[in-house]
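Asker: Just dropping this structure here.
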Amino acid sequence: MPILEARSLTKTFRRPDKASGFKGAVKHLAQRRYKNYTAVDGIDLSVDAGESVAYVGPNGAGKSTTVKLLTGILKPSEGTVRVMGRDPHTERIANAHDIGVLFGQRTQLWWDLPVEESLKLLKHMYGVSEADYKRRIAKFDELLDLGEFMPALARTLSLGQRMRADLACALIHDPKMVYLDEPTIGLDISVKDRLRAFLRELVDDGTTLLLTSHDLADIEEVCERIVVIDKGAIAYDGPITELKAHYITTKAVHLILDGPADLPELSEKFPDYAWAAGDAPSEVKVTYESARFTTAEVLADVTGHLRPRDLSLSEPSIEDVIRRLYAGELTK
Amino acid sequence: MTQGFAVDRAFATVAFKRRLAYKIQWMVALVLGGGAMLVSMAMWRNLLADGALSGYDWESMRAYIIIGFITATVVFGAADWHIADRILDGHIAIDLTKPVDFQRARAAEYIGSMISTVPTVIVGVVGAWLLFDPPGPASALAGVLTAVSFVLIFPLAFGITYLTVLVCFWTKRYIGVMWLREALLGFFSGMMIPLAFMPSWLQAVAWALPFPHFTTTPAAIYLGRVDTAGALGLLAAEAAWALGLWFGGRLVFRQAVKKVTVHGG
């Protein structure tokens, strides 16, 4: 049975329909007009216990609204959500006991108190025993170096420290289902690496995770399944490996030559490959279908003819695939 | 139940500590509140120099002004804008992911922040007592019932504040709502001038509202202007308002929470 199940989930907001400028402001004051805007449009989503799901999409696609619907913050306009069998909006308090939530852009720390005070208040809220609290804090300290800033006021923390403290706040009660909304936003690479390692460990321990992020490295390193949302609707839902296998069908060889390349001649001689100019006149890129040709065959052809000074191999990243999904070039 | 109270205490303690973090605020509250009390004392001493007005002489007015100082410090010193800010800046999204009753948690926080004003009250009252030597309570029982009236101010103030804060869900602004509430509270409580100085129709309006319980009720009990039955009636009315506003808050929140529209992360 899925731990999370959403059916035809829809959220429509009402937005003021106001013309710009002074005239628009006065007109809106006298005659208020509104437009309905559908942020989430009939989403079906099912997540099994222990799954790690990346929920991605361009800005304004409806990711955060979906998370707020799934966590019970927002009431759906249409459709249903069940998390561990409960409606997260009408059974908000019971649901909140079993979930952990982190919004990367909003802290849950009490701004003018030490981090430790916030964690202790959460301990009381979730009814965490003293022994469990100590054990989890020790673990967070080991993995996130929490101890160094536990006595510091939240407002004095760096962004990386704040995010690590917020993560501890989201997980202090050992939730079964965790929602992380952009947990690595604005962080430097070393803090990102630590957070990702921590999240991998969380997933390995059996926690169900739903992660939204614009950083595709977060997704590749932490999640097994990817759900791509665009304009409020799901554009792709499947394993990340399948997404790659399905859409990453080409590879490329980048060549650096002694002089400028004659692209028309190369295209005529090797018509099965796609030839393109590189960044410099002496650079050229050869793209080929990985199902038809092995890399060794391609290298044998091009190096036998061109004798390059140097070469490198590449394949489209998941980022390229998702960019094309966002652009509507690919569909499942 | 014990777990629930432990959470309440934790919220109240955090709110208290948050206020403790800003020590200058305490000093400012003492200077402003104490200053306002001194100005009031000077003004009423002149006004009552020739004898009593509307049943108040200079002796009873001294006690009345100190009671007004206590209630004003406790009520205006509480951190209502913390709740309003969370609604307006979208932090309510985080509150709604916690396994606590939103209203009860805010009540605990609010009362914690009200308790943080107690040291200011103590310093102000001790100072005023030494300077103005006000009369004691009309009787020991009146003193006890006055204390009960002060205690009831805590849930009553929360009820009024919480309802006005919830208005933010519709107005998307708080400052105007807060000014209106504080103006009504200051005027109809009798903090500015005793209700006895107002025309009878305005007194009737005031008594149809919860505000007189913030100064007029404790002052009337303390000064013996009502007998024991009258005092108990006033306390019952004060408690009924606190209870009614609590359930009113629940009803309004049920509608308000449907209006949560936190866009973006």
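Each chain in the structure tokens gets a letter, A, B and so on, in the order shown; residues start at 1 in every chain, and ligands are counted from 1 in the order they appear.
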Residues at most 10 Å from B:Tyr110, counting only C-alpha atoms, excluding those fewer than 4 positions away in the same chain, as a CSV table (one decimal) with C-alpha atoms, in the first residue's frame?
Answerer:
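out-v1.csv, freshly written:
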chain,number,residue,atom,x,y,z
B,11,PHE,CA,6.0,27.5,24.0
B,12,ALA,CA,5.5,30.0,26.8
B,15,ALA,CA,8.2,33.3,24.0
B,16,PHE,CA,9.4,34.6,27.4
B,75,VAL,CA,-1.6,43.9,27.4
B,78,ALA,CA,2.7,41.2,24.6
B,79,ALA,CA,4.1,40.1,21.3
B,80,ASP,CA,1.0,40.0,19.1
B,82,HIS,CA,4.9,37.8,16.1
B,83,ILE,CA,1.7,35.9,15.3
B,104,ARG,CA,-3.3,26.8,21.7
B,105,ALA,CA,0.3,27.1,20.7
B,106,ARG,CA,-0.2,30.9,20.0
B,114,MET,CA,2.7,38.7,28.7
B,115,ILE,CA,4.5,37.1,31.6
B,116,SER,CA,7.7,38.7,30.4
B,154,PHE,CA,-4.4,37.0,30.2
B,155,PRO,CA,-6.8,34.7,28.3
B,157,ALA,CA,-6.3,39.7,26.0
B,158,PHE,CA,-5.3,36.6,24.0
B,161,THR,CA,-5.6,39.8,20.0
B,162,TYR,CA,-5.9,36.4,18.3
Asker: Return the neighbours of chain A among the residues of chain B, cut-off 8 Å, counting only C-alpha atoms, as a ChimeraX atom specification.
Answerer: /B:3,6-7,10-11,14,17-18,21,91,93-94,96-101,258,260-261,263-265
Asker: Those same residues, written as a compact mmCIF listing (two decimals), in the first residue's frame with N, CA and C atoms?
Answerer:
# COMPACT_ATOMS: atom_id res chain seq x y z
N GLN B 3 1.45 15.83 28.57
CA GLN B 3 2.26 16.15 27.39
C GLN B 3 1.81 17.49 26.81
N ALA B 6 3.09 20.27 28.88
CA ALA B 6 4.54 20.40 28.70
C ALA B 6 4.82 21.21 27.43
N VAL B 7 4.03 20.97 26.39
CA VAL B 7 4.21 21.72 25.13
C VAL B 7 3.82 23.18 25.35
N ALA B 10 6.53 24.81 27.15
CA ALA B 10 7.69 25.01 26.28
C ALA B 10 7.47 26.22 25.36
N PHE B 11 6.27 26.35 24.82
CA PHE B 11 5.97 27.51 23.96
C PHE B 11 6.05 28.82 24.75
N VAL B 14 9.66 29.67 25.53
CA VAL B 14 10.37 30.20 24.35
C VAL B 14 9.96 31.65 24.12
N LYS B 17 11.62 33.81 26.65
CA LYS B 17 13.06 33.98 26.37
C LYS B 17 13.29 34.92 25.19
N ARG B 18 12.37 34.86 24.21
CA ARG B 18 12.51 35.76 23.06
C ARG B 18 12.42 37.21 23.51
N ALA B 21 15.49 38.32 25.25
CA ALA B 21 16.62 38.58 24.35
C ALA B 21 16.76 40.06 24.05
N HIS B 91 5.17 32.21 7.17
CA HIS B 91 5.74 31.21 8.09
C HIS B 91 4.67 30.32 8.71
N ALA B 93 2.97 28.45 7.19
CA ALA B 93 3.11 27.16 6.51
C ALA B 93 3.89 26.19 7.40
N ILE B 94 4.93 26.71 8.05
CA ILE B 94 5.73 25.84 8.93
C ILE B 94 4.92 25.47 10.17
N LEU B 96 1.85 25.04 10.43
CA LEU B 96 0.82 24.06 10.09
C LEU B 96 1.39 22.65 9.84
N THR B 97 2.71 22.56 9.79
CA THR B 97 3.31 21.21 9.64
C THR B 97 3.70 20.63 11.01
N LYS B 98 3.35 21.34 12.07
CA LYS B 98 3.70 20.87 13.42
C LYS B 98 2.48 20.22 14.09
N PRO B 99 2.74 19.20 14.92
CA PRO B 99 1.61 18.47 15.51
C PRO B 99 1.04 19.16 16.74
N VAL B 100 0.74 20.43 16.58
CA VAL B 100 0.17 21.17 17.71
C VAL B 100 -1.04 21.96 17.23
N ASP B 101 -1.95 22.21 18.17
CA ASP B 101 -3.11 23.04 17.89
C ASP B 101 -2.60 24.48 17.71
N LYS B 258 -8.41 28.21 5.38
CA LYS B 258 -8.70 27.90 3.97
C LYS B 258 -8.14 28.97 3.05
N VAL B 260 -5.16 30.27 3.34
CA VAL B 260 -3.69 30.25 3.27
C VAL B 260 -3.27 30.15 1.81
N THR B 261 -2.49 31.12 1.36
CA THR B 261 -2.01 31.11 -0.03
C THR B 261 -0.53 31.46 -0.01
N HIS B 263 2.65 31.32 -1.65
CA HIS B 263 3.21 30.98 -2.96
C HIS B 263 4.72 30.84 -2.85
N GLY B 264 5.29 30.16 -3.82
CA GLY B 264 6.74 30.01 -3.87
C GLY B 264 7.22 29.11 -2.76
N GLY B 265 8.58 28.90 -2.70
CA GLY B 265 9.14 28.01 -1.69
C GLY B 265 8.68 28.37 -0.34
Asker: Run DSSP on the backbone of this structure and report the residues of stretch 147-253 of chain B it assigns to helix (DSSP H, G or I), as a ChimeraX atom specification.
Answerer: /B:147-166,168-171,175-188,195-197,200-207,211-214,216-222,228-253
Asker: Env of B:Thr217: 12 Å cut, atoms = only C-alpha atoms, seq-sep filter 2 positions within chain, self excluded. Answer as number ranges by chain.
Answerer: B: 64, 67-68, 71, 142, 145-150, 152-153, 188-191, 194-195, 206-207, 210-215, 219-226, 230-239
Asker: Within 12 Å of A:Ala138, counting only C-alpha atoms, which residues show up once you throw out same-chain ones fewer than 6 positions away? Write them as a PyMOL selection string, please.
Answerer: chain A and resi 131-132+144-147+150+168+172
Asker: Excluding A:Leu202 and residues on its chain fewer than 2 positions from it, collect all residues at most 10 Å away from it, counting only C-alpha atoms, and give them as a list of chain:residue names.
Answerer: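 Counting only C-alpha atoms, the residues come to A:Gly50, A:Ser52, A:Leu171, A:Asp174, A:Val178, A:Arg196, A:Ala197, A:Phe198, A:Leu199, A:Arg200, A:Asp204, A:Asp205, A:Gly206, A:Thr207, A:Thr208, A:Leu209, A:Val222.
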Asker: Can you measure atom CA of A:Val40 to atom CA of A:Gly79 for me? One decimal in Å is fine.
Answerer: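 Value for the atom CA of A:Val40-atom CA of A:Gly79 distance: 10.5 Å.
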Asker: Might you pull out every residue within 10 Å of B:Tyr174, with only C-alpha atoms counted and same-chain residues fewer than 3 positions away left off, and present them as a ChimeraX atom specification?
Answerer: /B:81,84-85,87-88,164-169,171,177-179
Asker: Got a sec: who's within 10 Å of stretch 251-266 of chain A, counting only C-alpha atoms, leaving out chain neighbours fewer than 3 positions off, as a ChimeraX atom specification?
Answerer: /A:248,269-271,273-278,280-291,293-295,298-299,302-303,305-316
Asker: Determine which residues of stretch 53-282 of chain A DSSP labels as strand (DSSP E or B) from the backbone of this structure, then write them out as a ChimeraX atom specification.
Answerer: /A:53-56,78-83,86,99-103,106,114,153,177-181,208-212,225-230,233-239,250-256,274-277
